[in-house]
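As provided, query_17.cif (mmCIF, C-alpha atoms) reads as follows.
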```cif
data_data
loop_
_atom_site.group_PDB
_atom_site.id
_atom_site.type_symbol
_atom_site.label_atom_id
_atom_site.label_comp_id
_atom_site.auth_asym_id
_atom_site.auth_seq_id
_atom_site.Cartn_x
_atom_site.Cartn_y
_atom_site.Cartn_z
ATOM 1 C CA MET A 1 -1.440 -12.809 -10.739
ATOM 2 C CA LYS A 2 -1.100 -13.935 -7.159
ATOM 3 C CA ILE A 3 -3.623 -12.788 -4.570
ATOM 4 C CA PHE A 4 -2.755 -13.086 -0.916
ATOM 5 C CA ASN A 5 -6.004 -12.857 0.963
ATOM 6 C CA ILE A 6 -6.789 -13.966 4.490
ATOM 7 C CA GLN A 7 -9.102 -16.908 3.873
ATOM 8 C CA SER A 8 -8.890 -20.217 5.660
ATOM 9 C CA SER A 9 -9.188 -22.300 2.483
ATOM 10 C CA ILE A 10 -5.987 -20.899 1.011
ATOM 11 C CA GLU A 11 -4.097 -19.787 4.120
ATOM 12 C CA ASN A 12 -1.638 -22.711 4.186
ATOM 13 C CA ARG A 13 -0.775 -22.336 0.508
ATOM 14 C CA GLN A 14 -0.220 -18.599 0.984
ATOM 15 C CA SER A 15 1.979 -19.139 4.009
ATOM 16 C CA PHE A 16 4.146 -21.436 1.905
ATOM 17 C CA LYS A 17 4.273 -18.883 -0.952
ATOM 18 C CA ARG A 18 5.256 -16.099 1.440
ATOM 19 C CA ARG A 19 8.103 -18.194 2.868
ATOM 20 C CA VAL A 20 9.301 -19.043 -0.640
ATOM 21 C CA MET A 21 8.963 -15.420 -1.799
ATOM 22 C CA ALA A 22 10.807 -14.103 1.252
ATOM 23 C CA LYS A 23 13.680 -16.453 0.494
ATOM 24 C CA TYR A 24 14.116 -15.199 -3.062
ATOM 25 C CA LEU A 25 13.139 -11.548 -2.777
ATOM 26 C CA VAL A 26 15.701 -10.352 -0.249
ATOM 27 C CA SER A 27 18.010 -8.904 -2.910
ATOM 28 C CA GLN A 28 15.286 -6.904 -4.652
ATOM 29 C CA LYS A 29 15.268 -3.115 -4.566
ATOM 30 C CA VAL A 30 11.831 -1.967 -3.488
ATOM 31 C CA GLY A 31 10.099 1.381 -3.741
ATOM 32 C CA ILE A 32 7.000 1.953 -1.623
ATOM 33 C CA PHE A 33 4.457 4.553 -2.694
ATOM 34 C CA VAL A 34 1.710 5.281 -0.154
ATOM 35 C CA ASP A 35 -1.526 6.924 -1.283
ATOM 36 C CA ALA A 36 -2.221 8.066 2.279
ATOM 37 C CA GLU A 37 -5.677 9.482 1.742
ATOM 38 C CA ASN A 38 -6.874 6.303 0.028
ATOM 39 C CA ILE A 39 -5.440 3.785 2.484
ATOM 40 C CA GLU A 40 -6.226 5.759 5.627
ATOM 41 C CA LEU A 41 -9.844 6.495 4.700
ATOM 42 C CA SER A 42 -10.338 2.865 3.719
ATOM 43 C CA GLY A 43 -8.961 1.582 7.020
ATOM 44 C CA TYR A 44 -11.001 4.039 9.029
ATOM 45 C CA ASN A 45 -14.252 3.476 7.134
ATOM 46 C CA ILE A 46 -14.002 -0.307 7.236
ATOM 47 C CA TYR A 47 -12.396 -0.996 10.620
ATOM 48 C CA GLY A 48 -12.682 2.270 12.544
ATOM 49 C CA GLY A 49 -8.991 2.836 13.118
ATOM 50 C CA ARG A 50 -5.703 4.080 11.737
ATOM 51 C CA THR A 51 -3.515 2.117 9.345
ATOM 52 C CA ASP A 52 -0.535 0.525 11.119
ATOM 53 C CA TYR A 53 2.434 1.465 8.924
ATOM 54 C CA ASN A 54 4.865 -0.341 11.243
ATOM 55 C CA LYS A 55 3.079 -3.594 10.519
ATOM 56 C CA ILE A 56 3.052 -2.912 6.781
ATOM 57 C CA LEU A 57 6.804 -2.292 6.809
ATOM 58 C CA LYS A 58 7.436 -5.468 8.799
ATOM 59 C CA ALA A 59 5.444 -7.433 6.203
ATOM 60 C CA ILE A 60 7.853 -6.258 3.506
ATOM 61 C CA GLY A 61 10.452 -8.445 5.149
ATOM 62 C CA GLU A 62 14.178 -8.235 4.540
ATOM 63 C CA ARG A 63 13.950 -6.738 1.070
ATOM 64 C CA GLU A 64 15.991 -3.593 0.434
ATOM 65 C CA VAL A 65 13.658 -0.603 0.618
ATOM 66 C CA THR A 66 15.338 2.117 -1.421
ATOM 67 C CA ARG A 67 12.514 4.670 -1.295
ATOM 68 C CA ILE A 68 9.394 5.026 0.819
ATOM 69 C CA ILE A 69 7.211 7.978 -0.028
ATOM 70 C CA TYR A 70 3.988 9.064 1.690
ATOM 71 C CA TYR A 71 1.634 11.258 -0.350
ATOM 72 C CA LYS A 72 -1.061 13.369 1.285
ATOM 73 C CA PRO A 73 -2.566 16.665 0.040
ATOM 74 C CA GLN A 74 -1.584 19.865 1.839
ATOM 75 C CA TYR A 75 -5.116 20.529 3.030
ATOM 76 C CA LYS A 76 -4.978 17.286 5.086
ATOM 77 C CA GLU A 77 -3.163 17.547 8.394
ATOM 78 C CA ILE A 78 -0.160 15.379 9.230
ATOM 79 C CA SER A 79 0.767 15.307 12.920
ATOM 80 C CA ASP A 80 4.275 16.156 14.070
ATOM 81 C CA ASP A 81 4.480 12.723 15.728
ATOM 82 C CA PHE A 82 3.745 11.019 12.404
ATOM 83 C CA LYS A 83 6.306 13.184 10.602
ATOM 84 C CA LYS A 84 8.959 12.167 13.165
ATOM 85 C CA PHE A 85 7.957 8.501 12.838
ATOM 86 C CA TRP A 86 8.058 8.597 9.023
ATOM 87 C CA ASN A 87 11.339 10.495 8.857
ATOM 88 C CA GLY A 88 12.773 7.988 11.344
ATOM 89 C CA LEU A 89 12.068 5.278 8.786
ATOM 90 C CA GLY A 90 14.037 7.222 6.212
ATOM 91 C CA GLY A 91 10.831 8.014 4.407
ATOM 92 C CA GLU A 92 9.747 11.102 2.548
ATOM 93 C CA ILE A 93 6.488 12.985 2.887
ATOM 94 C CA LYS A 94 5.172 14.776 -0.180
ATOM 95 C CA GLN A 95 2.219 17.103 0.073
ATOM 96 C CA PRO A 96 0.870 18.383 -3.246
ATOM 97 C CA LEU A 97 -1.687 21.183 -3.291
ATOM 98 C CA LYS A 98 -4.575 18.859 -4.115
ATOM 99 C CA ASN A 99 -4.773 15.223 -5.179
ATOM 100 C CA ALA A 100 -1.564 13.211 -4.762
ATOM 101 C CA ASP A 101 -2.160 10.890 -7.746
ATOM 102 C CA SER A 102 -0.125 12.776 -10.355
ATOM 103 C CA LEU A 103 2.863 13.312 -8.047
ATOM 104 C CA LEU A 104 2.880 9.632 -7.026
ATOM 105 C CA ILE A 105 2.729 8.601 -10.699
ATOM 106 C CA MET A 106 5.587 10.937 -11.667
ATOM 107 C CA ASP A 107 7.786 9.614 -8.860
ATOM 108 C CA ALA A 108 7.048 5.961 -9.668
ATOM 109 C CA VAL A 109 7.781 6.480 -13.382
ATOM 110 C CA THR A 110 10.996 8.371 -12.592
ATOM 111 C CA LEU A 111 12.238 5.684 -10.192
ATOM 112 C CA ALA A 112 11.065 2.635 -12.202
ATOM 113 C CA ASP A 113 14.474 1.942 -13.770
ATOM 114 C CA LYS A 114 16.115 1.914 -10.329
ATOM 115 C CA LEU A 115 13.659 -0.521 -8.736
ATOM 116 C CA ASP A 116 12.909 -4.222 -9.026
ATOM 117 C CA VAL A 117 9.592 -4.021 -7.170
ATOM 118 C CA VAL A 118 7.092 -1.218 -6.783
ATOM 119 C CA ILE A 119 4.698 -1.551 -3.862
ATOM 120 C CA MET A 120 1.653 0.665 -4.084
ATOM 121 C CA VAL A 121 -0.221 1.026 -0.819
ATOM 122 C CA GLY A 122 -3.781 1.909 -1.825
ATOM 123 C CA GLY A 123 -5.985 0.708 -4.624
ATOM 124 C CA ASP A 124 -7.302 3.628 -6.631
ATOM 125 C CA LYS A 125 -7.940 2.484 -10.196
ATOM 126 C CA ASP A 126 -6.560 5.787 -11.463
ATOM 127 C CA TYR A 127 -3.206 4.021 -11.063
ATOM 128 C CA LEU A 128 -4.042 1.265 -13.569
ATOM 129 C CA PRO A 129 -2.002 2.811 -16.427
ATOM 130 C CA LEU A 130 0.886 3.204 -13.979
ATOM 131 C CA LEU A 131 0.816 -0.532 -13.202
ATOM 132 C CA TRP A 132 0.869 -1.299 -16.931
ATOM 133 C CA TYR A 133 3.810 1.049 -17.453
ATOM 134 C CA LEU A 134 5.813 -0.282 -14.509
ATOM 135 C CA LYS A 135 5.344 -3.861 -15.697
ATOM 136 C CA SER A 136 6.454 -2.852 -19.213
ATOM 137 C CA ARG A 137 9.668 -1.450 -17.656
ATOM 138 C CA GLY A 138 10.381 -4.789 -15.957
ATOM 139 C CA CYS A 139 9.207 -3.911 -12.440
ATOM 140 C CA LYS A 140 7.234 -6.379 -10.380
ATOM 141 C CA THR A 141 4.156 -4.668 -9.037
ATOM 142 C CA GLU A 142 2.600 -5.279 -5.665
ATOM 143 C CA LEU A 143 -0.637 -3.715 -4.562
ATOM 144 C CA TRP A 144 -1.333 -3.612 -0.831
ATOM 145 C CA GLY A 145 -4.757 -2.479 0.314
ATOM 146 C CA TYR A 146 -8.053 -3.298 1.943
ATOM 147 C CA PRO A 147 -9.865 -5.630 -0.490
ATOM 148 C CA GLU A 148 -13.224 -3.970 0.128
ATOM 149 C CA THR A 149 -11.947 -0.758 -1.467
ATOM 150 C CA VAL A 150 -9.503 -1.995 -4.105
ATOM 151 C CA SER A 151 -10.729 -2.214 -7.667
ATOM 152 C CA GLU A 152 -10.892 -5.768 -9.052
ATOM 153 C CA ILE A 153 -9.001 -4.755 -12.177
ATOM 154 C CA MET A 154 -6.187 -3.422 -9.998
ATOM 155 C CA LYS A 155 -6.040 -6.717 -8.093
ATOM 156 C CA GLU A 156 -5.888 -8.628 -11.372
ATOM 157 C CA THR A 157 -3.279 -6.365 -12.974
ATOM 158 C CA ALA A 158 -0.755 -6.290 -10.136
ATOM 159 C CA ASP A 159 1.728 -9.157 -9.964
ATOM 160 C CA LEU A 160 0.747 -9.581 -6.331
ATOM 161 C CA PHE A 161 -2.161 -8.267 -4.290
ATOM 162 C CA LEU A 162 -1.722 -8.331 -0.538
ATOM 163 C CA ALA A 163 -5.049 -7.900 1.221
ATOM 164 C CA LEU A 164 -4.785 -5.862 4.385
ATOM 165 C CA ASP A 165 -7.230 -6.769 7.126
ATOM 166 C CA GLU A 166 -8.139 -5.662 10.631
ATOM 167 C CA SER A 167 -4.740 -6.739 11.936
ATOM 168 C CA TYR A 168 -3.246 -3.759 10.047
ATOM 169 C CA ILE A 169 -5.370 -1.314 12.053
ATOM 170 C CA ILE A 170 -4.561 0.620 15.211
ATOM 171 C CA LYS A 171 -7.859 0.983 17.026
ATOM 172 C CA ASP A 172 -8.761 4.217 18.738
ATOM 173 C CA LYS A 173 -10.579 2.866 21.762
ATOM 174 C CA SER A 174 -12.281 6.190 22.467
ATOM 175 C CA LYS A 175 -14.220 6.119 19.201
ATOM 176 C CA VAL A 176 -16.994 3.844 18.057
ATOM 177 C CA ARG A 177 -16.363 1.984 14.819
ATOM 178 C CA PRO A 178 -18.293 3.558 11.928
ATOM 179 C CA LEU A 179 -20.581 1.452 9.819
ATOM 180 C CA TYR A 180 -19.111 0.627 6.433
ATOM 181 C CA LYS A 181 -21.565 1.874 3.830
ATOM 182 C CA GLY A 182 -20.161 0.421 0.658
ATOM 183 C CA ASN A 183 -17.300 1.155 -1.647
ATOM 184 C CA PRO A 184 -16.952 3.223 -4.779
ATOM 185 C CA LYS A 185 -13.820 1.168 -5.678
ATOM 186 C CA ASP A 186 -12.164 3.920 -7.600
#
```

Go ahead and express the file in the form of structure tokens.
Amino acid sequence: MKIFNIQSSIENRQSFKRRVMAKYLVSQKVGIFVDAENIELSGYNIYGGRTDYNKILKAIGEREVTRIIYYKPQYKEISDDFKKFWNGLGGEIKQPLKNADSLLIMDAVTLADKLDVVIMVGGDKDYLPLLWYLKSRGCKTELWGYPETVSEIMKETADLFLALDESYIIKDKSKVRPLYKGNPKD
């Protein structure tokens, strides 16, 4: 397992690994599965802002993104501006009646044979069996999330964990940052 975390003691080594990875991963077919409720609540609760999906997509580099799917329950609002932005990326928005976990899992399992890499944006440990399955099908698994809210077993299981930090947040200057009150990590 490789963990990319923003820490000064390992920053140089990680920079080198990212350059090496970028060189060899360009030809990989990538599917991105976004657990919107998980990643957005984490970013807001920890840093007091919205997750910057543009920055996340830039971090993917030159790899071929074949599918990018955003999952958010119907009872949660998605702005028209965000829908335009996401559709402009060529992405899909899926809104199940309740929790998005089962729909995300079904899509990832269905697409596994067509992908080299599955990037899960979020860190809910309900996805642990999915990571095991994807790896058994030959997919590399990457987990991108805020380390404060990602389960340790998920970090260990994924082939690569990319720790998002405050630089992946769009601050709303009109609001005061909430105090982070801990993490259930599930």

Around (0.2, -2.0, -4.7) in the file's own coordinates, what residues are found within 6 Å if you use all atoms listed in the file, given back as a PyMOL selection string?
-> chain A and resi 119-121+142-144

Once the PyMOL selection byres ((chain A and resi 88-98) around 7) is applied to the coordinates I shared, what remains selected? I want it as a compact mmCIF listing (two decimals) with C-alpha atoms, in the frame of the given file.
```txt
# COMPACT_ATOMS: atom_id res chain seq x y z
CA ARG A 67 12.51 4.67 -1.30
CA ILE A 68 9.39 5.03 0.82
CA ILE A 69 7.21 7.98 -0.03
CA TYR A 70 3.99 9.06 1.69
CA TYR A 71 1.63 11.26 -0.35
CA LYS A 72 -1.06 13.37 1.28
CA PRO A 73 -2.57 16.66 0.04
CA GLN A 74 -1.58 19.86 1.84
CA LYS A 84 8.96 12.17 13.16
CA PHE A 85 7.96 8.50 12.84
CA TRP A 86 8.06 8.60 9.02
CA ASN A 87 11.34 10.50 8.86
CA ASN A 99 -4.77 15.22 -5.18
CA ALA A 100 -1.56 13.21 -4.76
```

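When the PyMOL selection byres ((chain A and resi 126) around 10) is run on the displayed coordinates, the residues it returns are Asp101, Ser102, Ile105, Gly123, Asp124, Lys125, Tyr127, Leu128, Pro129, Leu130, Leu131, Ser151, Met154 and Asp186 of chain A.
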
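Of the residues under consideration (A:Ser79, A:Thr66, A:Asn38, A:Thr141), A:Thr141 shows the shortest atom-to-atom contact distance to Val118 (chain A) when counting all atoms listed in the file.
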
For Lys29 (chain A), which residue out of A:Tyr146, A:Lys140, A:Asp116, A:Leu160 is the nearest one, using only C-alpha atoms?
-> A:Asp116

If you measure from CA of Thr149 (chain A) to CA of Asp113 (chain A), what distance in Å do you get, rounded to one decimal?
->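 Computing the Euclidean distance for CA of Thr149 (chain A) and CA of Asp113 (chain A) yields 29.3 Å.
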
Here CA of Val150 (chain A) and CA of Ala163 (chain A) stand apart by 9.1 Å

Nearest residue to Leu134 (chain A) from the set A:Pro147, A:Glu77, A:Leu57, A:Ala112 (distances using all atoms listed in the file) = A:Ala112

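Across the structure, CA of Arg50 (chain A) and CA of Met106 (chain A) are spaced 26.9 Å apart.
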
Quick one: of A:Ser167, A:Gln28, A:Gly145, A:Asp159, who's nearest to Glu40 (chain A), counting all atoms listed in the file?
->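 Of A:Ser167, A:Gln28, A:Gly145, A:Asp159, the one nearest Glu40 (chain A) is A:Gly145, counting all atoms listed in the file.
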
Nearest to Leu103 (chain A) by atom-to-atom distance, counting all atoms listed in the file, from A:Asp35, A:Glu64, A:Asp81, A:Glu148 =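 Between A:Asp35, A:Glu64, A:Asp81, A:Glu148, the residue approaching Leu103 (chain A) most closely is A:Asp35.
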
Take the PyMOL selection byres ((chain A and resi 53) around 10), apply it to the structure above, and return the hits as a count of residues only.
-> 15
